[in-house]
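This report refers to the structure that appears directly beneath it.
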Amino acid sequence: MKRRAFIRLLGGAAAWPLAARAQQAAMPVIGFLRSASLADAGHLVAAFRQGLKEGSFVEGQNVAIEYRSAEDQFHRLPALVADLVRRQVTLIVGNTPSAFAAKAGTTTVPIVFVTGGDPVIDGLVDSLNRPGSNLTGVSFLTGASGTKRLELLRQLAPKAAALAVLMDPDPNVPQAQAELRDVQAAARTNGQQLIIVEVRSDPDIEAAFARFAQRGAGALFVGTSAFFNSRRERIAALALRQALPASYVLREFAAAGGLMSYGTSITDAYRLAGVYAARILKGEKPADLPVQQSTKFEFVINLRTAKALGLEIPDKLLALADEVIE
């Protein structure tokens, strides 16, 4: 979603009259913080608002939301957290890097995280059932689908001898490392050659695809990464340009032109985060709210992309798909 469209989605909050802003001060305020851009997160904001609505909270009526983004510059997160704490927000909602920054920045403001990793292993909370601090949230375990995604990709591109892997090496994305280990183990079992390229920046993306072409990759596995998600249109376009059948973890990639995606729904995870935010606004404590695990999986196939690649999708895979984009 482009920036102008996202601003429209916010309902023109930046242009509210002074009277409305004065009224906002009497409402509880949620800090909605992301490490990645907000410009392409409109669907996540909408899902979060839906969860709030299920808990009887509507933005602009009985709750206000302050939106902040580090624009993929993680070093900016501590200052953004400090700003929200200074503004005395009632709670902070954030993705994984934002939640870590918020945890380091406050022990009193409730924090609701949305993470694709394991929050206990990653160190966000001590226990799933009893978080025991000012944090709770939703885990959608993106890395857990890696082996299944590899299997589906091999069915879509059975003749691919070498498989390209786009990998985010950022230590703030521990689920990516776990996913890669699973994929490497599965590839060894199947005798599949992997061409793994780590990507840290925009120029790295172009360089990675150049390397894939040089090495003769026949298909592409895109690893779990908020950075990749924020560049999904570009990555999908490059994969199509190089005629690489590609597998992604989130539906958003398939909607942006990727061939297929399989994984838990990040959109539903943000809806669940909205439900938890509403419960906290009503007085419940994060320490008493077990971490939720999103169990809604989505298998999406983009038939337009398949036709552009000259691929015939097996009927059995079409029958398994939760959504087919035509």
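Letters A, B, ... mark the chains of the structure tokens in the order given; residue numbers begin at 1 per chain; ligand numbers begin at 1, in order shown.
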For this session: Name the residues in contact with A:Asp182 at a cut-off of 10 Å, using only C-alpha atoms, excluding same-chain residues fewer than 5 positions from it; report them as a PyMOL selection string.
Result: chain A and resi 143-148+150+176-177+187
Exercise. Would you give me, as a list of chain:residue names, the residues in stretch 105-173 of chain A that DSSP reads as strand (DSSP E)?
Worked result: A:Ile111, A:Val112, A:Phe113, A:Val114, A:Thr115, A:Leu135, A:Thr136, A:Gly137, A:Val138, A:Ser139, A:Ala162, A:Leu163, A:Ala164, A:Val165, A:Leu166, A:Met167
Problem set entry | Nearby residues (only C-alpha atoms) at most 10 Å from A:Met167, same-chain spacing under 4 positions excluded, as a PyMOL selection string | chain A and resi 176-177+179-180+196-200+208+221-225+228
For the residues in the current selection, export C-alpha atoms as an mmCIF file, in the first residue's frame.
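So the final result, stored in result-v3.cif, reads:
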data_model
loop_
_atom_site.group_PDB
_atom_site.id
_atom_site.type_symbol
_atom_site.label_atom_id
_atom_site.label_comp_id
_atom_site.auth_asym_id
_atom_site.auth_seq_id
_atom_site.Cartn_x
_atom_site.Cartn_y
_atom_site.Cartn_z
ATOM 1 C CA ALA A 176 14.930 -17.158 10.135
ATOM 2 C CA GLN A 177 17.971 -19.105 11.363
ATOM 3 C CA GLU A 179 13.847 -22.050 9.457
ATOM 4 C CA LEU A 180 17.067 -22.273 7.452
ATOM 5 C CA ILE A 196 22.047 -19.637 0.027
ATOM 6 C CA VAL A 197 22.560 -15.885 -0.224
ATOM 7 C CA GLU A 198 22.302 -13.550 2.753
ATOM 8 C CA VAL A 199 20.602 -10.212 2.151
ATOM 9 C CA ARG A 200 20.990 -7.206 4.438
ATOM 10 C CA ALA A 208 21.483 -12.048 -4.864
ATOM 11 C CA PHE A 221 12.789 -20.176 -1.435
ATOM 12 C CA VAL A 222 12.379 -16.789 0.281
ATOM 13 C CA GLY A 223 13.095 -16.981 3.995
ATOM 14 C CA THR A 224 11.186 -15.404 6.848
ATOM 15 C CA SER A 225 11.965 -11.704 7.197
ATOM 16 C CA PHE A 228 11.707 -9.165 2.724
#
For this session: Find, counting only C-alpha atoms, the residue in A:Val45, A:Val112, A:Ile30, A:Leu128 that gets nearest to A:Gln88.
Result: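 Residue with the minimum atom-to-atom distance to A:Gln88: A:Ile30.
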Problem set entry | For stretch 263-273 of chain A: contacts at 8 Å, only C-alpha atoms, fewer than 5 positions along chain excluded, given as a VMD selection string | chain A and resid 43 to 45 47 to 52 93 112 to 114 137 to 142 145 149 249 to 251 292 294 to 299
What's the 10 Å shell around A:Pro97, counting only C-alpha atoms, without same-chain residues fewer than 2 positions away, as a compact mmCIF listing (two decimals) with C-alpha atoms, in the first residue's frame?
# COMPACT_ATOMS: atom_id res chain seq x y z
CA LEU A 33 5.09 0.50 16.58
CA ARG A 34 6.75 -1.26 13.66
CA SER A 35 10.36 -1.73 12.64
CA ALA A 36 9.27 -1.87 9.00
CA ALA A 70 11.59 2.81 12.28
CA ASP A 72 13.79 -0.68 8.71
CA PHE A 74 16.34 -0.75 13.94
CA LEU A 77 13.43 1.89 17.81
CA GLY A 94 4.72 -4.04 18.08
CA ASN A 95 6.31 -6.59 15.79
CA ALA A 99 8.69 -5.58 21.10
CA PHE A 100 12.31 -6.16 22.11
CA ALA A 101 12.95 -2.42 22.06
CA ALA A 102 9.81 -1.79 24.09
CA LYS A 103 10.77 -4.47 26.61
CA PHE A 113 3.76 -8.29 20.55
CA VAL A 114 3.08 -9.96 17.22
CA THR A 115 5.97 -12.29 16.42
CA ASN A 172 16.86 -9.84 15.47
CA VAL A 173 15.13 -12.44 13.27
CA ALA A 226 10.12 -8.46 7.90
Exercise. Which value, in Å to one decimal, gives the distance between atom CA of A:Gln214 and atom CA of A:Ala162?
Worked result: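 Value for the atom CA of A:Gln214-atom CA of A:Ala162 distance: 11.5 Å.
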For this session: May I have all residues of stretch 56-303 of chain A that DSSP, computed from the backbone, assigns to alpha helix (DSSP H), given as a PyMOL selection string?
Result: chain A and resi 77-86+96-105+146-156+174-190+202-215+226-230+232-241+251-255+266-281+303
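Residue neighbourhood of A:Asn190, excluding near-sequence residues (fewer than 4 positions): Glu151, Arg154, Gln184, Ala185 and Ala186 of chain A, at 10 Å, using only C-alpha atoms.
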Problem set entry | Counting only C-alpha atoms, the option among A:Phe209, A:Phe253, A:Tyr67, A:Tyr262 closest to A:Leu238 | A:Phe209
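Atom CA of A:Val300 is found 16.1 Å from atom CA of A:Leu220.
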Exercise. Mind pulling up the distance from atom CA of A:Ala41 to atom CA of A:Ile325?
Worked result: 20.4 Å
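By chain and then residue number, the residues within 10 Å of A:Ile301 are Ser247, Arg251, Ala254, Ala255, Gly257, Gly258, Leu259, Met260, Ser261, Tyr262, Thr305, Ala306, Ile313, Leu317, Leu318, Leu320, Ala321, Asp322, Glu323, Val324, Ile325 and Glu326 of chain A, counting only C-alpha atoms and disregarding those fewer than 4 positions away in sequence.
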Those residues with N, CA and C atoms, as an mmCIF file, in the first residue's frame please?
data_model
loop_
_atom_site.group_PDB
_atom_site.id
_atom_site.type_symbol
_atom_site.label_atom_id
_atom_site.label_comp_id
_atom_site.auth_asym_id
_atom_site.auth_seq_id
_atom_site.Cartn_x
_atom_site.Cartn_y
_atom_site.Cartn_z
ATOM 1 N N SER A 247 8.648 -19.593 -3.554
ATOM 2 C CA SER A 247 7.796 -19.891 -2.397
ATOM 3 C C SER A 247 8.040 -18.860 -1.303
ATOM 4 N N ARG A 251 0.864 -14.687 2.818
ATOM 5 C CA ARG A 251 -0.084 -14.467 1.728
ATOM 6 C C ARG A 251 0.214 -13.173 0.986
ATOM 7 N N ALA A 254 2.138 -13.561 -2.240
ATOM 8 C CA ALA A 254 1.373 -14.066 -3.376
ATOM 9 C C ALA A 254 0.466 -12.984 -3.944
ATOM 10 N N ALA A 255 -0.109 -12.180 -3.074
ATOM 11 C CA ALA A 255 -0.961 -11.080 -3.528
ATOM 12 C C ALA A 255 -0.160 -10.034 -4.295
ATOM 13 N N GLY A 257 2.242 -10.738 -6.342
ATOM 14 C CA GLY A 257 2.744 -11.320 -7.581
ATOM 15 C C GLY A 257 3.626 -12.540 -7.416
ATOM 16 N N GLY A 258 3.838 -12.973 -6.165
ATOM 17 C CA GLY A 258 4.613 -14.189 -5.934
ATOM 18 C C GLY A 258 3.842 -15.424 -6.364
ATOM 19 N N LEU A 259 4.540 -16.493 -6.686
ATOM 20 C CA LEU A 259 3.875 -17.698 -7.185
ATOM 21 C C LEU A 259 3.010 -18.366 -6.126
ATOM 22 N N MET A 260 3.582 -18.590 -4.940
ATOM 23 C CA MET A 260 2.821 -19.287 -3.901
ATOM 24 C C MET A 260 3.294 -18.878 -2.521
ATOM 25 N N SER A 261 2.411 -19.024 -1.560
ATOM 26 C CA SER A 261 2.782 -18.791 -0.161
ATOM 27 C C SER A 261 2.123 -19.862 0.693
ATOM 28 N N TYR A 262 2.825 -20.185 1.759
ATOM 29 C CA TYR A 262 2.263 -21.118 2.744
ATOM 30 C C TYR A 262 2.777 -20.718 4.111
ATOM 31 N N THR A 305 0.700 -15.606 -12.055
ATOM 32 C CA THR A 305 2.149 -15.767 -12.061
ATOM 33 C C THR A 305 2.540 -17.125 -12.625
ATOM 34 N N ALA A 306 1.778 -18.161 -12.292
ATOM 35 C CA ALA A 306 2.064 -19.497 -12.823
ATOM 36 C C ALA A 306 2.003 -19.490 -14.350
ATOM 37 N N ILE A 313 -0.052 -25.937 -12.813
ATOM 38 C CA ILE A 313 -0.200 -26.299 -11.404
ATOM 39 C C ILE A 313 -0.965 -27.616 -11.293
ATOM 40 N N LEU A 317 -2.641 -29.831 -6.002
ATOM 41 C CA LEU A 317 -2.222 -28.641 -5.269
ATOM 42 C C LEU A 317 -3.304 -27.569 -5.314
ATOM 43 N N LEU A 318 -3.952 -27.431 -6.464
ATOM 44 C CA LEU A 318 -5.053 -26.469 -6.551
ATOM 45 C C LEU A 318 -6.164 -26.838 -5.564
ATOM 46 N N LEU A 320 -5.761 -28.266 -2.733
ATOM 47 C CA LEU A 320 -5.297 -28.001 -1.362
ATOM 48 C C LEU A 320 -5.291 -26.504 -1.025
ATOM 49 N N ALA A 321 -5.257 -25.667 -2.057
ATOM 50 C CA ALA A 321 -5.085 -24.229 -1.842
ATOM 51 C C ALA A 321 -6.291 -23.620 -1.127
ATOM 52 N N ASP A 322 -6.006 -22.743 -0.166
ATOM 53 C CA ASP A 322 -7.068 -21.995 0.507
ATOM 54 C C ASP A 322 -7.541 -20.838 -0.369
ATOM 55 N N GLU A 323 -6.665 -20.375 -1.241
ATOM 56 C CA GLU A 323 -7.007 -19.255 -2.118
ATOM 57 C C GLU A 323 -6.226 -19.402 -3.416
ATOM 58 N N VAL A 324 -6.902 -19.149 -4.514
ATOM 59 C CA VAL A 324 -6.262 -19.143 -5.839
ATOM 60 C C VAL A 324 -6.488 -17.762 -6.439
ATOM 61 N N ILE A 325 -5.392 -17.070 -6.707
ATOM 62 C CA ILE A 325 -5.469 -15.730 -7.309
ATOM 63 C C ILE A 325 -5.439 -15.880 -8.816
ATOM 64 N N GLU A 326 -6.500 -15.444 -9.485
ATOM 65 C CA GLU A 326 -6.612 -15.625 -10.950
ATOM 66 C C GLU A 326 -6.542 -14.285 -11.669
#
Seminar exercise, completed: If you count only C-alpha atoms, the residue of A:Arg86, A:Lys307, A:Arg68, A:Arg188 closest to A:Gly105 turns out to be A:Arg86
